[in-house]
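Chemist: Below is coords-v1.pdb; it holds PDB, C-alpha atoms, pLDDT in the B column.
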```pdb
ATOM      1  CA  MET A 178      44.232-109.063 -14.322  1.00 63.00           C
ATOM      2  CA  LYS A 179      45.379-107.250 -17.448  1.00 79.00           C
ATOM      3  CA  THR A 180      48.970-106.031 -17.411  1.00 90.00           C
ATOM      4  CA  ILE A 181      49.393-102.408 -18.477  1.00 93.00           C
ATOM      5  CA  PRO A 182      52.372-101.881 -20.819  1.00 95.00           C
ATOM      6  CA  ILE A 183      54.238 -98.671 -20.019  1.00 96.00           C
ATOM      7  CA  ALA A 184      56.953 -96.690 -21.790  1.00 96.00           C
ATOM      8  CA  ILE A 185      59.308 -94.266 -20.059  1.00 96.00           C
ATOM      9  CA  VAL A 186      60.821 -91.377 -22.012  1.00 96.00           C
ATOM     10  CA  ASP A 187      63.285 -89.421 -19.889  1.00 94.00           C
ATOM     11  CA  ASP A 188      66.865 -88.278 -20.448  1.00 92.00           C
ATOM     12  CA  HIS A 189      67.735 -88.519 -16.734  1.00 91.00           C
ATOM     13  CA  THR A 190      69.124 -92.072 -16.586  1.00 89.00           C
ATOM     14  CA  LEU A 191      68.980 -92.487 -12.808  1.00 90.00           C
ATOM     15  CA  MET A 192      65.422 -91.185 -12.683  1.00 89.00           C
ATOM     16  CA  SER A 193      64.180 -93.351 -15.536  1.00 91.00           C
ATOM     17  CA  LYS A 194      65.876 -96.500 -14.190  1.00 93.00           C
ATOM     18  CA  ALA A 195      64.523 -95.939 -10.671  1.00 91.00           C
ATOM     19  CA  LEU A 196      61.079 -95.398 -12.169  1.00 92.00           C
ATOM     20  CA  GLU A 197      61.363 -98.581 -14.216  1.00 93.00           C
ATOM     21  CA  ASN A 198      62.429-100.616 -11.165  1.00 93.00           C
ATOM     22  CA  MET A 199      59.530 -99.256  -9.116  1.00 92.00           C
ATOM     23  CA  ILE A 200      56.987-100.029 -11.824  1.00 93.00           C
ATOM     24  CA  THR A 201      58.201-103.555 -12.543  1.00 91.00           C
ATOM     25  CA  GLU A 202      57.883-104.490  -8.874  1.00 91.00           C
ATOM     26  CA  ASN A 203      54.123-104.334  -9.366  1.00 91.00           C
ATOM     27  CA  PRO A 204      52.811-107.264 -11.464  1.00 91.00           C
ATOM     28  CA  LYS A 205      49.965-105.100 -12.735  1.00 93.00           C
ATOM     29  CA  TYR A 206      52.403-103.125 -14.899  1.00 94.00           C
ATOM     30  CA  LYS A 207      55.351-103.799 -17.168  1.00 94.00           C
ATOM     31  CA  VAL A 208      57.837-101.468 -18.810  1.00 95.00           C
ATOM     32  CA  VAL A 209      58.045-102.309 -22.512  1.00 95.00           C
ATOM     33  CA  MET A 210      60.575 -99.592 -23.370  1.00 95.00           C
ATOM     34  CA  ASN A 211      62.736 -96.967 -21.716  1.00 96.00           C
ATOM     35  CA  GLN A 212      64.173 -94.284 -23.997  1.00 95.00           C
ATOM     36  CA  PRO A 213      66.262 -91.126 -23.304  1.00 94.00           C
ATOM     37  CA  ASN A 214      64.484 -88.772 -25.713  1.00 94.00           C
ATOM     38  CA  GLY A 215      61.549 -88.435 -28.070  1.00 94.00           C
ATOM     39  CA  GLU A 216      63.513 -89.215 -31.210  1.00 95.00           C
ATOM     40  CA  ASP A 217      64.826 -92.528 -29.877  1.00 95.00           C
ATOM     41  CA  PHE A 218      61.378 -93.345 -28.520  1.00 96.00           C
ATOM     42  CA  ILE A 219      59.686 -92.809 -31.883  1.00 95.00           C
ATOM     43  CA  ASN A 220      62.326 -94.926 -33.632  1.00 95.00           C
ATOM     44  CA  ALA A 221      61.859 -97.714 -31.077  1.00 94.00           C
ATOM     45  CA  LEU A 222      58.093 -97.421 -31.312  1.00 92.00           C
ATOM     46  CA  GLU A 223      58.129 -98.025 -35.044  1.00 89.00           C
ATOM     47  CA  LYS A 224      60.104-101.256 -34.576  1.00 90.00           C
ATOM     48  CA  THR A 225      58.490-102.756 -31.482  1.00 89.00           C
ATOM     49  CA  SER A 226      56.067-105.676 -31.508  1.00 87.00           C
ATOM     50  CA  GLU A 227      54.321-104.426 -28.349  1.00 91.00           C
ATOM     51  CA  LEU A 228      53.062-100.877 -28.136  1.00 94.00           C
ATOM     52  CA  PRO A 229      52.786 -99.185 -24.737  1.00 95.00           C
ATOM     53  CA  ALA A 230      49.333 -98.205 -23.529  1.00 95.00           C
ATOM     54  CA  VAL A 231      50.687 -95.385 -21.350  1.00 95.00           C
ATOM     55  CA  VAL A 232      53.807 -93.257 -21.770  1.00 96.00           C
ATOM     56  CA  LEU A 233      55.472 -91.415 -18.884  1.00 96.00           C
ATOM     57  CA  MET A 234      56.921 -88.461 -20.755  1.00 94.00           C
ATOM     58  CA  ASP A 235      59.549 -86.007 -19.572  1.00 93.00           C
ATOM     59  CA  ILE A 236      59.260 -82.533 -21.133  1.00 92.00           C
ATOM     60  CA  ASN A 237      62.782 -81.103 -21.398  1.00 90.00           C
ATOM     61  CA  MET A 238      64.804 -83.553 -23.490  1.00 92.00           C
ATOM     62  CA  PRO A 239      67.365 -83.255 -26.322  1.00 88.00           C
ATOM     63  CA  TYR A 240      66.634 -84.032 -30.002  1.00 88.00           C
ATOM     64  CA  LYS A 241      62.852 -84.141 -29.574  1.00 92.00           C
ATOM     65  CA  ASN A 242      61.253 -82.817 -26.397  1.00 94.00           C
ATOM     66  CA  GLY A 243      58.141 -84.044 -24.632  1.00 93.00           C
ATOM     67  CA  ILE A 244      55.759 -81.574 -26.266  1.00 93.00           C
ATOM     68  CA  GLU A 245      56.954 -82.425 -29.779  1.00 95.00           C
ATOM     69  CA  THR A 246      56.878 -86.153 -29.062  1.00 96.00           C
ATOM     70  CA  THR A 247      53.385 -85.962 -27.589  1.00 95.00           C
ATOM     71  CA  GLU A 248      52.163 -84.087 -30.672  1.00 94.00           C
ATOM     72  CA  TRP A 249      53.629 -86.844 -32.854  1.00 95.00           C
ATOM     73  CA  LEU A 250      51.950 -89.531 -30.762  1.00 94.00           C
ATOM     74  CA  THR A 251      48.607 -87.737 -30.884  1.00 93.00           C
ATOM     75  CA  GLU A 252      48.803 -87.750 -34.668  1.00 93.00           C
ATOM     76  CA  HIS A 253      50.222 -91.230 -35.269  1.00 94.00           C
ATOM     77  CA  HIS A 254      49.137 -93.269 -32.223  1.00 94.00           C
ATOM     78  CA  PRO A 255      46.144 -91.506 -30.637  1.00 92.00           C
ATOM     79  CA  ASP A 256      45.315 -94.591 -28.548  1.00 93.00           C
ATOM     80  CA  ILE A 257      48.579 -94.310 -26.608  1.00 94.00           C
ATOM     81  CA  LYS A 258      48.001 -92.143 -23.531  1.00 94.00           C
ATOM     82  CA  VAL A 259      50.701 -89.714 -22.399  1.00 94.00           C
ATOM     83  CA  ILE A 260      51.292 -88.630 -18.826  1.00 93.00           C
ATOM     84  CA  ALA A 261      53.754 -85.764 -18.465  1.00 90.00           C
ATOM     85  CA  LEU A 262      56.196 -86.515 -15.671  1.00 87.00           C
ATOM     86  CA  THR A 263      58.323 -83.465 -15.007  1.00 82.00           C
ATOM     87  CA  MET A 264      59.789 -80.911 -12.630  1.00 82.00           C
ATOM     88  CA  GLU A 265      58.088 -78.102 -14.568  1.00 71.00           C
ATOM     89  CA  ASP A 266      55.203 -76.446 -12.712  1.00 71.00           C
ATOM     90  CA  ASP A 267      54.945 -73.550 -15.165  1.00 71.00           C
ATOM     91  CA  GLU A 268      51.350 -73.154 -16.316  1.00 68.00           C
ATOM     92  CA  LYS A 269      52.452 -72.199 -19.829  1.00 73.00           C
ATOM     93  CA  VAL A 270      54.357 -75.475 -20.160  1.00 80.00           C
ATOM     94  CA  LEU A 271      51.379 -77.310 -18.667  1.00 78.00           C
ATOM     95  CA  ILE A 272      48.988 -75.856 -21.235  1.00 74.00           C
ATOM     96  CA  LYS A 273      51.370 -76.603 -24.126  1.00 81.00           C
ATOM     97  CA  MET A 274      51.673 -80.217 -22.992  1.00 84.00           C
ATOM     98  CA  LEU A 275      47.921 -80.656 -22.590  1.00 81.00           C
ATOM     99  CA  LYS A 276      47.274 -79.031 -25.980  1.00 81.00           C
ATOM    100  CA  ALA A 277      49.792 -81.453 -27.486  1.00 86.00           C
ATOM    101  CA  GLY A 278      47.571 -84.282 -26.245  1.00 87.00           C
ATOM    102  CA  ALA A 279      48.832 -85.286 -22.793  1.00 88.00           C
ATOM    103  CA  LYS A 280      46.153 -86.925 -20.638  1.00 88.00           C
ATOM    104  CA  GLY A 281      47.857 -86.290 -17.311  1.00 86.00           C
ATOM    105  CA  TYR A 282      50.516 -84.067 -15.752  1.00 85.00           C
ATOM    106  CA  LEU A 283      52.530 -85.101 -12.697  1.00 87.00           C
ATOM    107  CA  LEU A 284      55.435 -83.491 -10.897  1.00 85.00           C
ATOM    108  CA  LYS A 285      58.378 -85.816 -10.269  1.00 83.00           C
ATOM    109  CA  ASP A 286      58.188 -85.350  -6.507  1.00 82.00           C
ATOM    110  CA  MET A 287      54.734 -86.993  -6.312  1.00 81.00           C
ATOM    111  CA  GLN A 288      54.083 -90.104  -4.230  1.00 85.00           C
ATOM    112  CA  PRO A 289      54.326 -93.484  -6.053  1.00 87.00           C
ATOM    113  CA  SER A 290      50.674 -94.136  -5.205  1.00 88.00           C
ATOM    114  CA  ILE A 291      49.703 -91.025  -7.203  1.00 87.00           C
ATOM    115  CA  LEU A 292      51.687 -92.265 -10.196  1.00 89.00           C
ATOM    116  CA  PHE A 293      49.943 -95.654 -10.195  1.00 91.00           C
ATOM    117  CA  GLN A 294      46.577 -93.970  -9.683  1.00 89.00           C
ATOM    118  CA  ALA A 295      47.297 -91.743 -12.681  1.00 90.00           C
ATOM    119  CA  VAL A 296      48.333 -94.685 -14.877  1.00 92.00           C
ATOM    120  CA  ASP A 297      45.231 -96.682 -13.921  1.00 91.00           C
ATOM    121  CA  THR A 298      42.887 -93.730 -14.452  1.00 89.00           C
ATOM    122  CA  VAL A 299      44.374 -92.723 -17.793  1.00 89.00           C
ATOM    123  CA  PHE A 300      44.362 -96.337 -18.991  1.00 91.00           C
ATOM    124  CA  GLU A 301      40.744 -96.925 -17.953  1.00 88.00           C
ATOM    125  CA  LYS A 302      39.077 -93.533 -18.311  1.00 84.00           C
ATOM    126  CA  GLY A 303      41.320 -91.444 -20.558  1.00 80.00           C
ATOM    127  CA  SER A 304      42.619 -88.626 -18.344  1.00 79.00           C
ATOM    128  CA  PHE A 305      43.892 -87.816 -14.863  1.00 80.00           C
ATOM    129  CA  TYR A 306      44.458 -84.401 -13.317  1.00 71.00           C
ATOM    130  CA  THR A 307      45.732 -83.717  -9.816  1.00 66.00           C
ATOM    131  CA  ASP A 308      44.392 -80.837  -7.728  1.00 58.00           C
ATOM    132  CA  PHE A 309      47.545 -78.911  -8.686  1.00 59.00           C
ATOM    133  CA  VAL A 310      46.774 -79.225 -12.394  1.00 59.00           C
ATOM    134  CA  ALA A 311      43.077 -78.492 -11.890  1.00 55.00           C
ATOM    135  CA  GLN A 312      43.931 -75.273 -10.060  1.00 57.00           C
ATOM    136  CA  LYS A 313      46.344 -74.234 -12.806  1.00 57.00           C
ATOM    137  CA  LEU A 314      43.731 -74.923 -15.479  1.00 54.00           C
ATOM    138  CA  LEU A 315      41.077 -72.973 -13.587  1.00 52.00           C
ATOM    139  CA  LYS A 316      43.477 -70.046 -13.281  1.00 58.00           C
ATOM    140  CA  VAL A 317      44.271 -70.112 -16.993  1.00 55.00           C
ATOM    141  CA  GLN A 318      40.582 -70.439 -17.920  1.00 53.00           C
ATOM    142  CA  SER A 319      39.758 -67.528 -15.640  1.00 56.00           C
ATOM    143  CA  GLU A 320      42.479 -65.388 -17.233  1.00 62.00           C
ATOM    144  CA  ASP A 321      41.330 -66.384 -20.733  1.00 60.00           C
ATOM    145  CA  ALA A 322      37.733 -65.436 -19.880  1.00 60.00           C
ATOM    146  CA  LYS A 323      38.896 -62.122 -18.441  1.00 61.00           C
ATOM    147  CA  ASN A 324      41.015 -61.344 -21.513  1.00 63.00           C
ATOM    148  CA  ALA A 325      38.168 -62.288 -23.850  1.00 65.00           C
ATOM    149  CA  SER A 326      35.936 -59.897 -21.933  1.00 66.00           C
ATOM    150  CA  LEU A 327      38.562 -57.142 -22.153  1.00 69.00           C
ATOM    151  CA  LEU A 328      38.973 -57.644 -25.896  1.00 75.00           C
ATOM    152  CA  SER A 329      35.223 -57.565 -26.477  1.00 77.00           C
ATOM    153  CA  ASP A 330      35.057 -54.178 -24.715  1.00 77.00           C
ATOM    154  CA  LEU A 331      37.460 -52.602 -27.186  1.00 83.00           C
ATOM    155  CA  LYS A 332      36.008 -50.558 -30.016  1.00 85.00           C
ATOM    156  CA  GLU A 333      37.389 -50.884 -33.546  1.00 87.00           C
ATOM    157  CA  ARG A 334      39.022 -47.459 -33.409  1.00 90.00           C
ATOM    158  CA  GLU A 335      40.639 -48.385 -30.081  1.00 88.00           C
ATOM    159  CA  LYS A 336      42.046 -51.534 -31.655  1.00 87.00           C
ATOM    160  CA  GLU A 337      43.379 -49.425 -34.521  1.00 90.00           C
ATOM    161  CA  PHE A 338      45.005 -47.114 -31.970  1.00 91.00           C
ATOM    162  CA  ILE A 339      46.580 -50.103 -30.155  1.00 88.00           C
ATOM    163  CA  LYS A 340      48.023 -51.427 -33.406  1.00 88.00           C
ATOM    164  CA  LEU A 341      49.618 -48.058 -34.168  1.00 91.00           C
ATOM    165  CA  ALA A 342      50.823 -47.740 -30.567  1.00 88.00           C
ATOM    166  CA  CYS A 343      52.929 -50.865 -31.158  1.00 84.00           C
ATOM    167  CA  SER A 344      54.957 -48.907 -33.712  1.00 84.00           C
ATOM    168  CA  GLU A 345      57.566 -46.222 -33.140  1.00 82.00           C
ATOM    169  CA  LEU A 346      55.069 -43.465 -33.894  1.00 88.00           C
ATOM    170  CA  THR A 347      54.521 -40.772 -31.296  1.00 90.00           C
ATOM    171  CA  TYR A 348      50.988 -40.141 -30.044  1.00 91.00           C
ATOM    172  CA  LYS A 349      50.882 -36.985 -32.190  1.00 92.00           C
ATOM    173  CA  GLU A 350      51.918 -39.002 -35.262  1.00 93.00           C
ATOM    174  CA  ILE A 351      49.271 -41.606 -34.412  1.00 92.00           C
ATOM    175  CA  ALA A 352      46.714 -38.792 -34.294  1.00 93.00           C
ATOM    176  CA  ASP A 353      47.775 -37.631 -37.765  1.00 93.00           C
ATOM    177  CA  LYS A 354      47.663 -41.214 -39.052  1.00 92.00           C
ATOM    178  CA  MET A 355      44.114 -41.690 -37.727  1.00 93.00           C
ATOM    179  CA  CYS A 356      43.049 -38.196 -38.847  1.00 93.00           C
ATOM    180  CA  LEU A 357      42.139 -37.284 -35.271  1.00 92.00           C
ATOM    181  CA  SER A 358      43.201 -34.585 -32.858  1.00 93.00           C
ATOM    182  CA  PRO A 359      45.928 -35.291 -30.278  1.00 91.00           C
ATOM    183  CA  LYS A 360      43.300 -34.696 -27.582  1.00 92.00           C
ATOM    184  CA  THR A 361      41.108 -37.472 -29.024  1.00 92.00           C
ATOM    185  CA  ILE A 362      44.102 -39.835 -29.124  1.00 91.00           C
ATOM    186  CA  ASP A 363      44.818 -38.996 -25.482  1.00 91.00           C
ATOM    187  CA  GLY A 364      41.228 -40.011 -24.792  1.00 90.00           C
ATOM    188  CA  TYR A 365      41.687 -43.319 -26.619  1.00 90.00           C
ATOM    189  CA  ARG A 366      44.897 -43.944 -24.696  1.00 91.00           C
ATOM    190  CA  ASP A 367      43.326 -43.253 -21.315  1.00 91.00           C
ATOM    191  CA  SER A 368      40.252 -45.345 -22.159  1.00 88.00           C
ATOM    192  CA  VAL A 369      42.361 -48.312 -23.335  1.00 88.00           C
ATOM    193  CA  PHE A 370      44.612 -48.116 -20.271  1.00 89.00           C
ATOM    194  CA  VAL A 371      41.566 -48.285 -17.999  1.00 87.00           C
ATOM    195  CA  LYS A 372      39.859 -51.105 -19.924  1.00 85.00           C
ATOM    196  CA  LEU A 373      42.991 -53.262 -20.115  1.00 83.00           C
ATOM    197  CA  GLU A 374      44.128 -52.391 -16.578  1.00 81.00           C
ATOM    198  CA  ILE A 375      47.566 -51.267 -17.715  1.00 83.00           C
ATOM    199  CA  LYS A 376      49.600 -48.198 -16.787  1.00 83.00           C
ATOM    200  CA  ASN A 377      51.865 -47.382 -19.705  1.00 83.00           C
ATOM    201  CA  ARG A 378      52.621 -47.916 -23.392  1.00 85.00           C
ATOM    202  CA  VAL A 379      54.979 -50.817 -22.683  1.00 77.00           C
ATOM    203  CA  GLY A 380      52.141 -52.675 -20.945  1.00 79.00           C
ATOM    204  CA  LEU A 381      49.901 -51.893 -23.907  1.00 83.00           C
ATOM    205  CA  VAL A 382      52.411 -53.331 -26.381  1.00 81.00           C
ATOM    206  CA  LEU A 383      52.883 -56.483 -24.297  1.00 76.00           C
ATOM    207  CA  PHE A 384      49.101 -56.998 -24.141  1.00 79.00           C
ATOM    208  CA  ALA A 385      48.788 -56.390 -27.890  1.00 82.00           C
ATOM    209  CA  LEU A 386      51.543 -58.880 -28.709  1.00 77.00           C
ATOM    210  CA  LYS A 387      50.000 -61.529 -26.473  1.00 74.00           C
ATOM    211  CA  HIS A 388      46.607 -61.176 -28.152  1.00 77.00           C
ATOM    212  CA  ASN A 389      47.779 -60.634 -31.741  1.00 78.00           C
ATOM    213  CA  LEU A 390      46.549 -57.060 -31.899  1.00 79.00           C
ATOM    214  CA  CYS A 391      49.681 -55.753 -33.608  1.00 73.00           C
TER     215      CYS A 391
END
```
Transcribe the structure of this file into structure tokens.

Modeler:
Amino acid sequence: MKTIPIAIVDDHTLMSKALENMITENPKYKVVMNQPNGEDFINALEKTSELPAVVLMDINMPYKNGIETTEWLTEHHPDIKVIALTMEDDEKVLIKMLKAGAKGYLLKDMQPSILFQAVDTVFEKGSFYTDFVAQKLLKVQSEDAKNASLLSDLKEREKEFIKLACSELTYKEIADKMCLSPKTIDGYRDSVFVKLEIKNRVGLVLFALKHNLC
């Protein structure tokens, strides 16, 4: 039976020590390093004679957080698999961590059996996602598809109107800028509000900022 070398990167000392003790009780695994932040982990990694195969990575840490450290690992040690182990259930954080290269994402209140299942699966197959993560990803993918559809429905002149609406110009000034009548601009505004399912100019600006339209 091959022993899986594991690294723990977590600034919560009690949590990381308890995790290390739990892992080392199982002969299938061994903890080869336990570091309090990404910066210390990277320094230790460059000096060690035994690289970990799997890293249990906290996200919110001082000096270098989990996202930054995972990005570094993806670039310098792509064979080392990262599993995010965190209290964060925010889908934005989840997506950032997965984009950085994490192969799994677990909440710290999971059962030990789920942790070992995740380590085994990531080590053998490359990735592991719980139902929680799968649901979050489906939600994000659904929202991305919806937004892509909304953006594709916008005409070029409507996009020009949205860009100008992000400024301090009044609708009348936007009309002058676009060489159109105020009535036509009102039509653009109403059409854009309906297409993007928003109710006011603030909502329009927030949508535009999110999708780099202004």

Chemist: Could you write out as an mmCIF file with C-alpha atoms, keeping the file's coordinate frame the residues that the PyMOL selection byres ((chain A and resi 295) around 12) matches in the shown file?

Modeler:
```
data_model
loop_
_atom_site.group_PDB
_atom_site.id
_atom_site.type_symbol
_atom_site.label_atom_id
_atom_site.label_comp_id
_atom_site.auth_asym_id
_atom_site.auth_seq_id
_atom_site.Cartn_x
_atom_site.Cartn_y
_atom_site.Cartn_z
ATOM 1 C CA VAL A 231 50.687 -95.385 -21.350
ATOM 2 C CA VAL A 232 53.807 -93.257 -21.770
ATOM 3 C CA LEU A 233 55.472 -91.415 -18.884
ATOM 4 C CA LYS A 258 48.001 -92.143 -23.531
ATOM 5 C CA VAL A 259 50.701 -89.714 -22.399
ATOM 6 C CA ILE A 260 51.292 -88.630 -18.826
ATOM 7 C CA ALA A 261 53.754 -85.764 -18.465
ATOM 8 C CA LEU A 262 56.196 -86.515 -15.671
ATOM 9 C CA LYS A 280 46.153 -86.925 -20.638
ATOM 10 C CA GLY A 281 47.857 -86.290 -17.311
ATOM 11 C CA TYR A 282 50.516 -84.067 -15.752
ATOM 12 C CA LEU A 283 52.530 -85.101 -12.697
ATOM 13 C CA LEU A 284 55.435 -83.491 -10.897
ATOM 14 C CA MET A 287 54.734 -86.993 -6.312
ATOM 15 C CA GLN A 288 54.083 -90.104 -4.230
ATOM 16 C CA PRO A 289 54.326 -93.484 -6.053
ATOM 17 C CA SER A 290 50.674 -94.136 -5.205
ATOM 18 C CA ILE A 291 49.703 -91.025 -7.203
ATOM 19 C CA LEU A 292 51.687 -92.265 -10.196
ATOM 20 C CA PHE A 293 49.943 -95.654 -10.195
ATOM 21 C CA GLN A 294 46.577 -93.970 -9.683
ATOM 22 C CA VAL A 296 48.333 -94.685 -14.877
ATOM 23 C CA ASP A 297 45.231 -96.682 -13.921
ATOM 24 C CA THR A 298 42.887 -93.730 -14.452
ATOM 25 C CA VAL A 299 44.374 -92.723 -17.793
ATOM 26 C CA PHE A 300 44.362 -96.337 -18.991
ATOM 27 C CA GLU A 301 40.744 -96.925 -17.953
ATOM 28 C CA LYS A 302 39.077 -93.533 -18.311
ATOM 29 C CA GLY A 303 41.320 -91.444 -20.558
ATOM 30 C CA SER A 304 42.619 -88.626 -18.344
ATOM 31 C CA PHE A 305 43.892 -87.816 -14.863
ATOM 32 C CA TYR A 306 44.458 -84.401 -13.317
ATOM 33 C CA THR A 307 45.732 -83.717 -9.816
#
```

Chemist: Name all residues at most 7 Å from range 327-336 of chain A (count all atoms listed in the file; drop same-chain ones fewer than 6 positions away) and give them as a JSON list (two decimals) with C-alpha atoms, in the coordinates of the input.

Modeler:
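See around-v7.json below for the written result:
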```
[["chain", "number", "residue", "atom", "x", "y", "z"],
["A", 365, "TYR", "CA", 41.69, -43.32, -26.62],
["A", 369, "VAL", "CA", 42.36, -48.31, -23.34],
["A", 372, "LYS", "CA", 39.86, -51.10, -19.92],
["A", 373, "LEU", "CA", 42.99, -53.26, -20.11]]
```

Chemist: Selection in question (the file shown): the PyMOL selection byres ((chain A and resi 378) around 12). Which residues does it include, as a list of chain:residue names?

Modeler: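 Applying the PyMOL selection byres ((chain A and resi 378) around 12) to the structure shown produces A:Phe338, A:Ile339, A:Lys340, A:Leu341, A:Ala342, A:Cys343, A:Ser344, A:Glu345, A:Leu346, A:Thr347, A:Tyr348, A:Arg366, A:Asp367, A:Val369, A:Phe370, A:Leu373, A:Glu374, A:Ile375, A:Lys376, A:Asn377, A:Val379, A:Gly380, A:Leu381, A:Val382, A:Leu383, A:Phe384, A:Ala385.
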
Chemist: Applying the PyMOL selection byres ((chain A and resi 200) around 12) to the file I just gave you, which residues come out? Please list them as a PyMOL selection string.

Modeler: chain A and resi 180-185+193-199+201-209+211+233+289-290+292-293+296

Chemist: If I take CA of Met355 in chain A and CA of His388 in chain A, how far is one from the other in Å, to one decimal?

Modeler: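 If I compute the distance from CA of Met355 in chain A to CA of His388 in chain A, I get 21.9 Å.
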
Chemist: N, CA and C atoms are what I want for range 272-293 of chain A; can you complete it accordingly and write them as a PDB file, in the frame of the given file?

Modeler:
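The resulting file, rebuild_11.pdb, is shown below:
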```pdb
ATOM      1  N   ILE A 272      49.980 -76.031 -20.180  1.00 74.00           N
ATOM      2  CA  ILE A 272      48.988 -75.856 -21.235  1.00 74.00           C
ATOM      3  C   ILE A 272      49.509 -76.374 -22.571  1.00 74.00           C
ATOM      4  N   LYS A 273      50.787 -76.106 -22.873  1.00 81.00           N
ATOM      5  CA  LYS A 273      51.370 -76.603 -24.126  1.00 81.00           C
ATOM      6  C   LYS A 273      51.328 -78.126 -24.179  1.00 81.00           C
ATOM      7  N   MET A 274      51.640 -78.754 -23.039  1.00 84.00           N
ATOM      8  CA  MET A 274      51.673 -80.217 -22.992  1.00 84.00           C
ATOM      9  C   MET A 274      50.259 -80.790 -23.148  1.00 84.00           C
ATOM     10  N   LEU A 275      49.299 -80.168 -22.490  1.00 81.00           N
ATOM     11  CA  LEU A 275      47.921 -80.656 -22.590  1.00 81.00           C
ATOM     12  C   LEU A 275      47.366 -80.430 -23.997  1.00 81.00           C
ATOM     13  N   LYS A 276      47.712 -79.294 -24.607  1.00 81.00           N
ATOM     14  CA  LYS A 276      47.274 -79.031 -25.980  1.00 81.00           C
ATOM     15  C   LYS A 276      47.913 -80.020 -26.958  1.00 81.00           C
ATOM     16  N   ALA A 277      49.112 -80.470 -26.626  1.00 86.00           N
ATOM     17  CA  ALA A 277      49.792 -81.453 -27.486  1.00 86.00           C
ATOM     18  C   ALA A 277      49.102 -82.811 -27.423  1.00 86.00           C
ATOM     19  N   GLY A 278      48.315 -83.023 -26.348  1.00 87.00           N
ATOM     20  CA  GLY A 278      47.571 -84.282 -26.245  1.00 87.00           C
ATOM     21  C   GLY A 278      47.793 -85.084 -24.979  1.00 87.00           C
ATOM     22  N   ALA A 279      48.592 -84.558 -24.042  1.00 88.00           N
ATOM     23  CA  ALA A 279      48.832 -85.286 -22.793  1.00 88.00           C
ATOM     24  C   ALA A 279      47.537 -85.453 -22.012  1.00 88.00           C
ATOM     25  N   LYS A 280      47.372 -86.614 -21.389  1.00 88.00           N
ATOM     26  CA  LYS A 280      46.153 -86.925 -20.638  1.00 88.00           C
ATOM     27  C   LYS A 280      46.353 -86.805 -19.130  1.00 88.00           C
ATOM     28  N   GLY A 281      47.573 -86.471 -18.728  1.00 86.00           N
ATOM     29  CA  GLY A 281      47.857 -86.290 -17.311  1.00 86.00           C
ATOM     30  C   GLY A 281      49.136 -85.494 -17.156  1.00 86.00           C
ATOM     31  N   TYR A 282      49.346 -84.913 -15.977  1.00 85.00           N
ATOM     32  CA  TYR A 282      50.516 -84.067 -15.752  1.00 85.00           C
ATOM     33  C   TYR A 282      50.918 -84.209 -14.295  1.00 85.00           C
ATOM     34  N   LEU A 283      52.069 -84.844 -14.064  1.00 87.00           N
ATOM     35  CA  LEU A 283      52.530 -85.101 -12.697  1.00 87.00           C
ATOM     36  C   LEU A 283      53.904 -84.488 -12.464  1.00 87.00           C
ATOM     37  N   LEU A 284      54.110 -83.951 -11.282  1.00 85.00           N
ATOM     38  CA  LEU A 284      55.435 -83.491 -10.897  1.00 85.00           C
ATOM     39  C   LEU A 284      56.236 -84.678 -10.380  1.00 85.00           C
ATOM     40  N   LYS A 285      57.536 -84.665 -10.600  1.00 83.00           N
ATOM     41  CA  LYS A 285      58.378 -85.816 -10.269  1.00 83.00           C
ATOM     42  C   LYS A 285      58.514 -86.071  -8.770  1.00 83.00           C
ATOM     43  N   ASP A 286      58.099 -85.126  -7.952  1.00 82.00           N
ATOM     44  CA  ASP A 286      58.188 -85.350  -6.507  1.00 82.00           C
ATOM     45  C   ASP A 286      56.900 -85.931  -5.924  1.00 82.00           C
ATOM     46  N   MET A 287      55.990 -86.406  -6.813  1.00 81.00           N
ATOM     47  CA  MET A 287      54.734 -86.993  -6.312  1.00 81.00           C
ATOM     48  C   MET A 287      54.987 -88.349  -5.656  1.00 81.00           C
ATOM     49  N   GLN A 288      54.025 -88.793  -4.875  1.00 85.00           N
ATOM     50  CA  GLN A 288      54.083 -90.104  -4.230  1.00 85.00           C
ATOM     51  C   GLN A 288      53.867 -91.211  -5.271  1.00 85.00           C
ATOM     52  N   PRO A 289      54.531 -92.373  -5.110  1.00 87.00           N
ATOM     53  CA  PRO A 289      54.326 -93.484  -6.053  1.00 87.00           C
ATOM     54  C   PRO A 289      52.854 -93.866  -6.216  1.00 87.00           C
ATOM     55  N   SER A 290      52.098 -93.775  -5.127  1.00 88.00           N
ATOM     56  CA  SER A 290      50.674 -94.136  -5.205  1.00 88.00           C
ATOM     57  C   SER A 290      49.923 -93.235  -6.185  1.00 88.00           C
ATOM     58  N   ILE A 291      50.334 -91.955  -6.267  1.00 87.00           N
ATOM     59  CA  ILE A 291      49.703 -91.025  -7.203  1.00 87.00           C
ATOM     60  C   ILE A 291      50.042 -91.412  -8.641  1.00 87.00           C
ATOM     61  N   LEU A 292      51.283 -91.833  -8.857  1.00 89.00           N
ATOM     62  CA  LEU A 292      51.687 -92.265 -10.196  1.00 89.00           C
ATOM     63  C   LEU A 292      50.853 -93.450 -10.665  1.00 89.00           C
ATOM     64  N   PHE A 293      50.714 -94.470  -9.810  1.00 91.00           N
ATOM     65  CA  PHE A 293      49.943 -95.654 -10.195  1.00 91.00           C
ATOM     66  C   PHE A 293      48.464 -95.315 -10.363  1.00 91.00           C
TER      67      PHE A 293
END
```
